[in-house]
>>> print(open('my_file22.pdb').read())   # PDB, C-alpha atoms
ATOM      1  CA  MET A   1     -69.071-121.721 147.184
ATOM      2  CA  ALA A   2     -72.412-122.336 148.875
ATOM      3  CA  GLU A   3     -74.528-122.245 145.750
ATOM      4  CA  SER A   4     -73.982-123.338 142.173
ATOM      5  CA  SER A   5     -74.099-120.903 139.238
ATOM      6  CA  GLN A   6     -76.799-123.056 137.708
ATOM      7  CA  ALA A   7     -79.112-122.486 140.680
ATOM      8  CA  ALA A   8     -78.468-118.722 140.557
ATOM      9  CA  ALA A   9     -79.324-118.521 136.854
ATOM     10  CA  GLY A  10     -83.066-118.928 137.353
ATOM     11  CA  LYS A  11     -83.444-116.189 139.958
ATOM     12  CA  ASP A  12     -84.429-112.603 139.429
ATOM     13  CA  ASP A  13     -82.098-109.703 140.160
ATOM     14  CA  THR A  14     -83.708-108.782 143.478
ATOM     15  CA  VAL A  15     -83.140-112.267 144.887
ATOM     16  CA  LEU A  16     -79.585-112.394 143.554
ATOM     17  CA  VAL A  17     -78.749-109.036 145.136
ATOM     18  CA  ILE A  18     -80.036-110.232 148.525
ATOM     19  CA  GLU A  19     -77.997-113.426 148.239
ATOM     20  CA  ALA A  20     -74.871-111.586 147.065
ATOM     21  CA  LYS A  21     -75.178-109.199 149.994
ATOM     22  CA  ALA A  22     -75.397-112.240 152.267
ATOM     23  CA  GLY A  23     -72.108-113.555 150.865
ATOM     24  CA  SER A  24     -72.964-115.683 147.829
ATOM     25  CA  TYR A  25     -70.351-115.228 145.132
ATOM     26  CA  ALA A  26     -72.405-117.395 142.746
ATOM     27  CA  ALA A  27     -75.255-114.886 143.051
ATOM     28  CA  PHE A  28     -72.958-111.948 142.367
ATOM     29  CA  GLU A  29     -71.306-113.747 139.465
ATOM     30  CA  GLU A  30     -74.718-114.408 137.927
ATOM     31  CA  LEU A  31     -75.526-110.684 138.095
ATOM     32  CA  VAL A  32     -72.197-109.968 136.385
ATOM     33  CA  SER A  33     -72.872-112.559 133.682
ATOM     34  CA  ARG A  34     -76.289-111.062 132.996
ATOM     35  CA  TYR A  35     -75.005-107.571 132.304
ATOM     36  CA  GLU A  36     -71.317-107.750 131.388
ATOM     37  CA  LYS A  37     -71.974-107.796 127.646
ATOM     38  CA  LYS A  38     -74.286-104.784 127.813
ATOM     39  CA  ILE A  39     -71.872-102.782 129.940
ATOM     40  CA  TYR A  40     -69.014-103.584 127.560
ATOM     41  CA  ARG A  41     -71.084-102.480 124.567
ATOM     42  CA  LEU A  42     -71.991 -99.305 126.436
ATOM     43  CA  GLY A  43     -68.286 -98.714 127.061
ATOM     44  CA  LEU A  44     -67.353 -99.224 123.420
ATOM     45  CA  ASN A  45     -69.998 -96.825 122.171
ATOM     46  CA  LEU A  46     -69.317 -94.270 124.882
ATOM     47  CA  THR A  47     -65.522 -94.184 124.842
ATOM     48  CA  GLY A  48     -64.845 -95.404 121.304
ATOM     49  CA  ASN A  49     -62.005 -97.753 122.137
ATOM     50  CA  PRO A  50     -61.698-101.314 123.496
ATOM     51  CA  GLU A  51     -59.124-100.512 126.204
ATOM     52  CA  ASP A  52     -61.291 -97.830 127.781
ATOM     53  CA  ALA A  53     -64.358-100.057 127.415
ATOM     54  CA  GLU A  54     -62.590-102.853 129.298
ATOM     55  CA  ASP A  55     -61.428-100.452 132.026
ATOM     56  CA  MET A  56     -64.953 -99.117 132.326
ATOM     57  CA  LEU A  57     -66.347-102.654 132.522
ATOM     58  CA  GLN A  58     -63.928-103.720 135.268
ATOM     59  CA  GLU A  59     -64.259-100.532 137.297
ATOM     60  CA  ALA A  60     -68.048-100.621 137.081
ATOM     61  CA  PHE A  61     -68.315-104.167 138.415
ATOM     62  CA  LEU A  62     -65.592-103.708 141.034
ATOM     63  CA  LYS A  63     -67.381-100.610 142.314
ATOM     64  CA  ALA A  64     -70.725-102.401 142.189
ATOM     65  CA  PHE A  65     -69.162-105.133 144.310
ATOM     66  CA  GLU A  66     -67.702-102.614 146.799
ATOM     67  CA  HIS A  67     -70.911-100.654 147.119
ATOM     68  CA  LEU A  68     -73.373-103.534 146.977
ATOM     69  CA  PRO A  69     -74.175-103.198 150.714
ATOM     70  CA  GLU A  70     -75.410 -99.650 149.980
ATOM     71  CA  PHE A  71     -77.657-100.700 147.092
ATOM     72  CA  ARG A  72     -81.285-100.084 147.967
ATOM     73  CA  ALA A  73     -83.873-102.611 146.867
ATOM     74  CA  ASP A  74     -86.292 -99.919 145.680
ATOM     75  CA  SER A  75     -84.293 -99.344 142.482
ATOM     76  CA  ARG A  76     -83.411-101.651 139.613
ATOM     77  CA  PHE A  77     -79.999-103.287 139.913
ATOM     78  CA  TYR A  78     -79.275-102.695 136.232
ATOM     79  CA  THR A  79     -80.093 -98.965 136.440
ATOM     80  CA  TRP A  80     -77.812 -98.681 139.465
ATOM     81  CA  LEU A  81     -75.052-100.542 137.622
ATOM     82  CA  VAL A  82     -75.429 -98.361 134.525
ATOM     83  CA  ARG A  83     -75.146 -95.268 136.711
ATOM     84  CA  ILE A  84     -71.797 -96.508 138.039
ATOM     85  CA  ALA A  85     -70.611 -97.508 134.557
ATOM     86  CA  ILE A  86     -71.579 -94.241 132.898
ATOM     87  CA  ASN A  87     -69.799 -92.246 135.593
ATOM     88  CA  GLU A  88     -66.676 -94.315 134.995
ATOM     89  CA  GLY A  89     -66.979 -93.805 131.251
ATOM     90  CA  LEU A  90     -67.485 -90.057 131.561
ATOM     91  CA  MET A  91     -64.426 -89.837 133.805
ATOM     92  CA  LYS A  92     -62.421 -91.564 131.104
ATOM     93  CA  LEU A  93     -63.688 -89.100 128.518
ATOM     94  CA  ARG A  94     -62.817 -86.146 130.770
ATOM     95  CA  LYS A  95     -59.300 -87.464 131.272
ATOM     96  CA  ARG A  96     -58.843 -87.789 127.541
ATOM     97  CA  ARG A  97     -60.132 -84.327 126.685
ATOM     98  CA  SER A  98     -57.368 -81.801 126.154
ATOM     99  CA  ASP A  99     -59.743 -78.982 127.074
ATOM    100  CA  LYS A 100     -61.071 -79.845 130.501
ATOM    101  CA  SER A 101     -62.510 -76.406 131.158
ATOM    102  CA  VAL A 102     -65.947 -77.204 129.749
ATOM    103  CA  PRO A 103     -67.903 -79.890 131.611
ATOM    104  CA  ILE A 104     -69.057 -82.607 129.220
ATOM    105  CA  GLU A 105     -72.662 -82.292 130.323
ATOM    106  CA  ASP A 106     -72.797 -78.587 129.433
ATOM    107  CA  ALA A 107     -71.101 -78.802 126.073
ATOM    108  CA  VAL A 108     -74.311 -79.473 124.199
ATOM    109  CA  SER A 109     -77.128 -77.310 123.034
ATOM    110  CA  GLU A 110     -80.720 -78.480 123.034
ATOM    111  CA  GLU A 111     -81.795 -75.487 121.003
ATOM    112  CA  GLY A 112     -81.701 -74.885 117.272
ATOM    113  CA  GLU A 113     -83.210 -76.813 114.447
ATOM    114  CA  ILE A 114     -81.830 -79.975 112.997
ATOM    115  CA  MET A 115     -82.721 -80.303 109.377
ATOM    116  CA  PRO A 116     -82.006 -83.647 107.717
ATOM    117  CA  ARG A 117     -80.033 -83.516 104.477
ATOM    118  CA  GLU A 118     -80.013 -87.183 103.495
ATOM    119  CA  PHE A 119     -83.287 -88.323 101.930
ATOM    120  CA  THR A 120     -82.169 -91.442 100.087
ATOM    121  CA  ASP A 121     -83.577 -94.813 101.157
ATOM    122  CA  TRP A 122     -81.151 -97.078 102.960
ATOM    123  CA  LYS A 123     -79.959-100.347 101.486
ATOM    124  CA  PRO A 124     -82.078-103.138 102.923
ATOM    125  CA  ASN A 125     -80.482-104.993 105.853
ATOM    126  CA  PRO A 126     -77.115-103.215 106.132
ATOM    127  CA  GLU A 127     -76.224-105.662 108.909
ATOM    128  CA  GLN A 128     -76.213-108.396 106.251
ATOM    129  CA  VAL A 129     -74.378-106.353 103.631
ATOM    130  CA  TYR A 130     -71.379-105.389 105.766
ATOM    131  CA  ALA A 131     -69.046-107.612 107.755
ATOM    132  CA  GLN A 132     -69.721-107.505 111.495
ATOM    133  CA  ALA A 133     -66.438-105.765 112.354
ATOM    134  CA  GLU A 134     -67.103-103.225 109.623
ATOM    135  CA  ILE A 135     -70.574-102.356 110.826
ATOM    136  CA  GLU A 136     -69.395-102.152 114.439
ATOM    137  CA  ALA A 137     -66.705 -99.653 113.414
ATOM    138  CA  ILE A 138     -69.250 -97.597 111.472
ATOM    139  CA  LEU A 139     -71.645 -97.480 114.443
ATOM    140  CA  GLN A 140     -68.880 -96.741 116.933
ATOM    141  CA  ASN A 141     -67.494 -93.898 114.811
ATOM    142  CA  ALA A 142     -70.931 -92.378 114.447
ATOM    143  CA  ALA A 143     -71.619 -92.645 118.199
ATOM    144  CA  THR A 144     -68.299 -91.107 119.205
ATOM    145  CA  GLY A 145     -68.909 -88.364 116.641
ATOM    146  CA  LEU A 146     -71.788 -87.121 118.788
ATOM    147  CA  PRO A 147     -71.082 -84.656 121.592
ATOM    148  CA  PRO A 148     -70.855 -86.690 124.841
ATOM    149  CA  GLY A 149     -73.964 -84.990 126.215
ATOM    150  CA  LEU A 150     -76.024 -86.336 123.310
ATOM    151  CA  ARG A 151     -74.195 -89.648 123.142
ATOM    152  CA  THR A 152     -74.912 -90.577 126.756
ATOM    153  CA  VAL A 153     -78.624 -89.812 126.407
ATOM    154  CA  PHE A 154     -78.898 -91.890 123.228
ATOM    155  CA  LEU A 155     -77.034 -94.841 124.717
ATOM    156  CA  LEU A 156     -79.009 -94.820 127.952
ATOM    157  CA  ARG A 157     -82.442 -94.341 126.399
ATOM    158  CA  ASP A 158     -82.282 -96.203 123.120
ATOM    159  CA  VAL A 159     -79.635 -98.840 123.679
ATOM    160  CA  GLU A 160     -79.797 -99.582 127.400
ATOM    161  CA  GLY A 161     -83.553 -99.082 127.556
ATOM    162  CA  LEU A 162     -83.672 -96.709 130.517
ATOM    163  CA  SER A 163     -86.778 -94.568 130.798
ATOM    164  CA  THR A 164     -86.735 -90.812 130.227
ATOM    165  CA  GLU A 165     -87.155 -90.361 133.981
ATOM    166  CA  GLU A 166     -84.301 -92.747 134.858
ATOM    167  CA  THR A 167     -82.017 -91.132 132.269
ATOM    168  CA  GLY A 168     -82.844 -87.646 133.573
ATOM    169  CA  ALA A 169     -82.175 -88.679 137.163
ATOM    170  CA  LEU A 170     -78.906 -90.319 136.209
ATOM    171  CA  LEU A 171     -77.580 -87.382 134.189
ATOM    172  CA  ASN A 172     -79.177 -84.668 136.296
ATOM    173  CA  LEU A 173     -81.316 -83.461 133.394
ATOM    174  CA  THR A 174     -84.986 -82.548 133.179
ATOM    175  CA  GLU A 175     -87.209 -84.928 131.225
ATOM    176  CA  GLY A 176     -87.626 -82.201 128.605
ATOM    177  CA  ALA A 177     -83.870 -81.946 128.195
ATOM    178  CA  VAL A 178     -83.577 -85.740 127.850
ATOM    179  CA  LYS A 179     -86.198 -85.756 125.091
ATOM    180  CA  ALA A 180     -84.607 -82.809 123.286
ATOM    181  CA  ARG A 181     -81.163 -84.416 123.403
ATOM    182  CA  LEU A 182     -82.506 -87.789 122.317
ATOM    183  CA  PHE A 183     -84.193 -86.185 119.321
ATOM    184  CA  ARG A 184     -80.966 -84.442 118.277
ATOM    185  CA  ALA A 185     -78.854 -87.539 118.870
ATOM    186  CA  ARG A 186     -81.112 -89.784 116.820
ATOM    187  CA  LEU A 187     -81.242 -87.394 113.876
ATOM    188  CA  GLN A 188     -77.506 -86.713 113.937
ATOM    189  CA  LEU A 189     -76.692 -90.413 114.022
ATOM    190  CA  ARG A 190     -79.164 -91.107 111.247
ATOM    191  CA  GLU A 191     -77.623 -88.363 109.153
ATOM    192  CA  ASP A 192     -74.138 -89.727 109.696
ATOM    193  CA  LEU A 193     -75.071 -93.376 109.058
ATOM    194  CA  SER A 194     -77.074 -92.439 105.967
ATOM    195  CA  LYS A 195     -73.848 -91.433 104.228
ATOM    196  CA  THR A 196     -72.737 -95.072 104.441
ATOM    197  CA  PHE A 197     -75.996 -96.985 104.268
ATOM    198  CA  LYS A 198     -77.889 -95.103 101.565
ATOM    199  CA  ARG A 199     -78.634 -96.835  98.299
ATOM    200  CA  GLY A 200     -76.705 -96.164  95.150
TER     201      GLY A 200
ATOM    202  CA  MET B   1    -107.440 -82.468 106.198
ATOM    203  CA  ASN B   2    -103.825 -83.003 107.177
ATOM    204  CA  LEU B   3    -102.299 -79.872 108.653
ATOM    205  CA  LEU B   4     -98.842 -81.309 109.195
ATOM    206  CA  ASN B   5     -96.012 -80.004 107.051
ATOM    207  CA  CYS B   6     -92.568 -81.635 106.771
ATOM    208  CA  LYS B   7     -91.067 -79.477 109.503
ATOM    209  CA  ASP B   8     -93.847 -80.387 111.955
ATOM    210  CA  CYS B   9     -93.537 -84.018 110.999
ATOM    211  CA  LEU B  10     -89.773 -84.139 111.579
ATOM    212  CA  GLN B  11     -90.161 -82.436 114.957
ATOM    213  CA  GLN B  12     -92.527 -85.218 116.021
ATOM    214  CA  ILE B  13     -90.648 -88.220 114.646
ATOM    215  CA  SER B  14     -88.757 -88.901 117.872
ATOM    216  CA  SER B  15     -91.902 -88.717 120.030
ATOM    217  CA  TYR B  16     -93.734 -90.893 117.510
ATOM    218  CA  LEU B  17     -91.024 -93.545 117.743
ATOM    219  CA  ASP B  18     -91.454 -93.502 121.523
ATOM    220  CA  GLY B  19     -95.244 -93.792 121.248
ATOM    221  CA  GLU B  20     -95.614 -90.467 123.009
ATOM    222  CA  ILE B  21     -98.000 -88.578 120.750
ATOM    223  CA  ASP B  22    -101.765 -88.442 120.988
ATOM    224  CA  SER B  23    -103.965 -90.388 118.606
ATOM    225  CA  GLU B  24    -105.066 -87.360 116.568
ATOM    226  CA  LEU B  25    -101.500 -86.210 115.908
ATOM    227  CA  LYS B  26    -100.469 -89.808 115.254
ATOM    228  CA  ARG B  27    -103.146 -90.132 112.573
ATOM    229  CA  HIS B  28    -101.973 -86.933 110.840
ATOM    230  CA  LEU B  29     -98.351 -87.942 111.108
ATOM    231  CA  GLU B  30     -98.931 -91.393 109.637
ATOM    232  CA  GLU B  31    -100.909 -89.851 106.806
ATOM    233  CA  HIS B  32     -98.047 -87.423 106.120
ATOM    234  CA  LEU B  33     -95.511 -90.276 106.202
ATOM    235  CA  ARG B  34     -97.561 -92.204 103.641
ATOM    236  CA  LYS B  35     -97.546 -89.276 101.243
ATOM    237  CA  CYS B  36     -94.116 -87.705 101.797
ATOM    238  CA  HIS B  37     -91.175 -89.806 100.679
ATOM    239  CA  HIS B  38     -88.520 -87.580 102.320
ATOM    240  CA  CYS B  39     -90.166 -87.715 105.726
ATOM    241  CA  HIS B  40     -90.736 -91.428 105.364
ATOM    242  CA  VAL B  41     -87.044 -91.977 104.634
ATOM    243  CA  VAL B  42     -86.064 -89.952 107.710
ATOM    244  CA  PHE B  43     -88.508 -91.885 109.877
ATOM    245  CA  ASP B  44     -87.516 -95.277 108.512
ATOM    246  CA  SER B  45     -83.759 -94.693 108.730
ATOM    247  CA  THR B  46     -84.044 -93.236 112.247
ATOM    248  CA  ARG B  47     -85.879 -96.381 113.324
ATOM    249  CA  LYS B  48     -83.242 -98.491 111.624
ATOM    250  CA  THR B  49     -80.465 -96.497 113.325
ATOM    251  CA  ILE B  50     -81.867 -97.419 116.745
ATOM    252  CA  GLU B  51     -82.339-101.057 115.718
ATOM    253  CA  LEU B  52     -78.717-101.349 114.595
ATOM    254  CA  TYR B  53     -77.356-100.056 117.901
ATOM    255  CA  CYS B  54     -79.612-102.484 119.780
ATOM    256  CA  ASP B  55     -78.582-105.498 117.696
ATOM    257  CA  GLY B  56     -77.474-107.989 120.339
ATOM    258  CA  LYS B  57     -75.158-109.778 117.899
ATOM    259  CA  LEU B  58     -72.921-106.737 117.552
ATOM    260  CA  PHE B  59     -70.153-105.730 119.975
ATOM    261  CA  PRO B  60     -69.570-109.159 121.528
ATOM    262  CA  LEU B  61     -67.626-109.329 124.764
ATOM    263  CA  PRO B  62     -64.248-110.923 123.931
ATOM    264  CA  VAL B  63     -63.577-114.097 125.941
ATOM    265  CA  GLU B  64     -60.253-112.783 127.262
ATOM    266  CA  VAL B  65     -61.902-109.540 128.449
ATOM    267  CA  ARG B  66     -64.567-111.566 130.252
ATOM    268  CA  ASP B  67     -61.922-113.810 131.812
ATOM    269  CA  ARG B  68     -59.927-110.829 133.097
ATOM    270  CA  LEU B  69     -63.089-109.304 134.550
ATOM    271  CA  HIS B  70     -64.064-112.468 136.410
ATOM    272  CA  GLN B  71     -60.491-112.990 137.669
ATOM    273  CA  ALA B  72     -60.401-109.438 139.036
ATOM    274  CA  LEU B  73     -63.781-109.843 140.734
ATOM    275  CA  ARG B  74     -62.929-113.219 142.228
ATOM    276  CA  ARG B  75     -59.643-111.810 143.552
ATOM    277  CA  ARG B  76     -61.463-108.890 145.162
ATOM    278  CA  TRP B  77     -64.111-111.187 146.612
ATOM    279  CA  GLN B  78     -61.426-113.453 148.148
ATOM    280  CA  GLU B  79     -59.509-110.452 149.561
ATOM    281  CA  LYS B  80     -62.660-109.253 151.222
ATOM    282  CA  ALA B  81     -63.526-112.668 152.538
ATOM    283  CA  GLY B  82     -60.018-112.725 154.081
TER     284      GLY B  82
END
>>> encode(input="my_file22.pdb", output="C-alpha cells")
Amino acid sequence: MAESSQAAAGKDDTVLVIEAKAGSYAAFEELVSRYEKKIYRLGLNLTGNPEDAEDMLQEAFLKAFEHLPEFRADSRFYTWLVRIAINEGLMKLRKRRSDKSVPIEDAVSEEGEIMPREFTDWKPNPEQVYAQAEIEAILQNAATGLPPGLRTVFLLRDVEGLSTEETGALLNLTEGAVKARLFRARLQLREDLSKTFKRG
Amino acid sequence: MNLLNCKDCLQQISSYLDGEIDSELKRHLEEHLRKCHHCHVVFDSTRKTIELYCDGKLFPLPVEVRDRLHQALRRRWQEKAG
C-alpha cells in the first residue's frame, strides 16, 4: 500500500477520490470509513432490518468501487454514494413487496391534508429515558411505517442532509414534490412517535 | 395583528424548520407559536423527531458488519489489481 490510512485521514473527499482513482486503496478505504456508518443507518431506516441494511451497505460500496472511474468531480462524492445506496435499498424493498405492480415512487400522494391528532408535550430527552436499543427500534418502526416514497425523502433530506434539489434529482421528483413529501413524512413520523414519547 | 390560524401555521411548520419562509410570515408564525400550545407542541415535537433520527450515537455500525465490508472491498480491490 503506497500510502498510510493516517495520511489519507486529513484529506478532503475530492483529493481522496483522485488518489483512489489513481490506485490508492488507502484513499478509497478512508472514503469508506467516512461514510460507512451513515450508509448503514440509512439502510436500517430504509429497509427496517439489519440483514438488508448490511447487504445495502456492501453493495453500495462495491458498486462505488466498480464505478469510481465514472465518478465526475463536479458532484459531491457522498451524494453520489447515497444515490447508489438508495437505489440498492429500493431494489431490496421492491423484491420484498408481494405486490410489485405499483412502483414504490408512485405509491404516495402529496395531496390531502394532514391534521395532527397528538397535542401532548413530549417527555424531555426521550433518548435518555429509553435504552438505546429500545429507541432505535421505535425510530426504525416509525420510519418503516411510512410509505417508501415519503420515507426516502425524509431520510435523504433530514437525516443525510441532502438539499431539496439534490433529493429531487436523485428521486426524479420536482422540488415542490420533495417539499410536499417531506412535510407529510415529518408530520406522520411525529404523530407516530408522539404515541410513545408523550408525557403521562 | 396576527392573521395566522392553526391550519395556516401547521402548513408552514415544515418550511419554517427549513428556514424557508419570509421574515413577515416568520414573525406571525412565531407569534402564533407563542400563543397556541397545540401548534407549539406540533412544532417542538416535529423538531425533536428530526433531531432523534440525526442522533449520531444511534444505529452504530456493528464491528463484525464493518469487518465483513472491508474484507469484501479488499478482496475486490485485489482481484482487480490482479
>>> atom_distance(input="my_file22.pdb", atom1="atom CA of Thr14 of chain A", atom2="atom CA of Ala73 of chain A")
7.0 Å
>>> residues_around(input="my_file22.pdb", residues="segment 188-195 of chain A", least_positions_apart="6", cutoff="9 Å", atoms="all atoms listed in the file", output="VMD selection string")
(chain A and resid 114 116 to 122 138 to 139 142 to 143 145 to 146) or (chain B and resid 42 45 to 50)
>>> resolve_selection(input="my_file22.pdb", expression="the ChimeraX specification (/B :<7) & /A", output="number ranges by chain")
A: 37, 40-41, 54, 58, 62, 119-122, 132, 136, 158-159, 183, 186-187, 190
>>> resolve_selection(input="my_file22.pdb", expression="the PyMOL selection byres ((chain A and resi 78) around 12)", output="MDAnalysis selection string")
chainID A and resid 12:14 17 31:32 34:36 38:39 60:61 64 71 73 75:77 79:86 156 160:162 166
>>> atom_distance(input="my_file22.pdb", atom1="atom CA of Arg27 of chain B", atom2="atom CA of Asp8 of chain B")
13.5 Å
>>> residues_around(input="my_file22.pdb", residues="Leu150 of chain A", least_positions_apart="5", cutoff="7 Å", atoms="all atoms listed in the file", output="list of chain:residue names")
A:Arg181, A:Leu182, A:Ala185
>>> residues_around(input="my_file22.pdb", residues="segment 45-51 of chain A", least_positions_apart="4", cutoff="8 Å", atoms="only C-alpha atoms", output="PDB file with C-alpha atoms, keeping the file's coordinate frame")
ATOM      1  CA  ARG A  41     -71.084-102.480 124.567  1.00  0.00           C
ATOM      2  CA  ASP A  55     -61.428-100.452 132.026  1.00  0.00           C
ATOM      3  CA  GLY A  89     -66.979 -93.805 131.251  1.00  0.00           C
ATOM      4  CA  LYS A  92     -62.421 -91.564 131.104  1.00  0.00           C
ATOM      5  CA  LEU A  93     -63.688 -89.100 128.518  1.00  0.00           C
ATOM      6  CA  LEU A 139     -71.645 -97.480 114.443  1.00  0.00           C
ATOM      7  CA  GLN A 140     -68.880 -96.741 116.933  1.00  0.00           C
ATOM      8  CA  ASN A 141     -67.494 -93.898 114.811  1.00  0.00           C
ATOM      9  CA  ALA A 143     -71.619 -92.645 118.199  1.00  0.00           C
ATOM     10  CA  THR A 144     -68.299 -91.107 119.205  1.00  0.00           C
ATOM     11  CA  PRO A 148     -70.855 -86.690 124.841  1.00  0.00           C
ATOM     12  CA  ARG A 151     -74.195 -89.648 123.142  1.00  0.00           C
ATOM     13  CA  THR A 152     -74.912 -90.577 126.756  1.00  0.00           C
ATOM     14  CA  LEU A 155     -77.034 -94.841 124.717  1.00  0.00           C
TER      15      LEU A 155
END
>>> residues_near_point(input="my_file22.pdb", point="(-74.1, -115.6, 138.0)", cutoff="8 Å", atoms="all atoms listed in the file", output="ChimeraX atom specification")
/A:5-6,8-9,26-34
>>> atom_distance(input="my_file22.pdb", atom1="atom CA of Phe197 of chain A", atom2="atom CA of Ala133 of chain A")
15.3 Å
>>> closest_residue(input="my_file22.pdb", among="B:Glu30, B:Glu24, B:Glu64, B:Glu79", to="Cys9 of chain B", atoms="only C-alpha atoms")
B:Glu30
>>> resolve_selection(input="my_file22.pdb", expression="the PyMOL selection byres ((chain A and resi 171) around 10)", output="MDAnalysis selection string")
chainID A and resid 83 86:87 105 149 152:153 156 166:170 172:174 178
>>> closest_residue(input="my_file22.pdb", among="A:Gln128, A:Phe65, A:Met91, A:Ala180", to="Gly23 of chain A", atoms="only C-alpha atoms")
A:Phe65
>>> axis_aligned_box(input="my_file22.pdb", around="segment 52-57 of chain A", padding_each_side="5 Å", output="JSON")
{"center_x": -63.8, "center_y": -100.3, "center_z": 130.0, "size_x": 15.1, "size_y": 15.0, "size_z": 15.1}
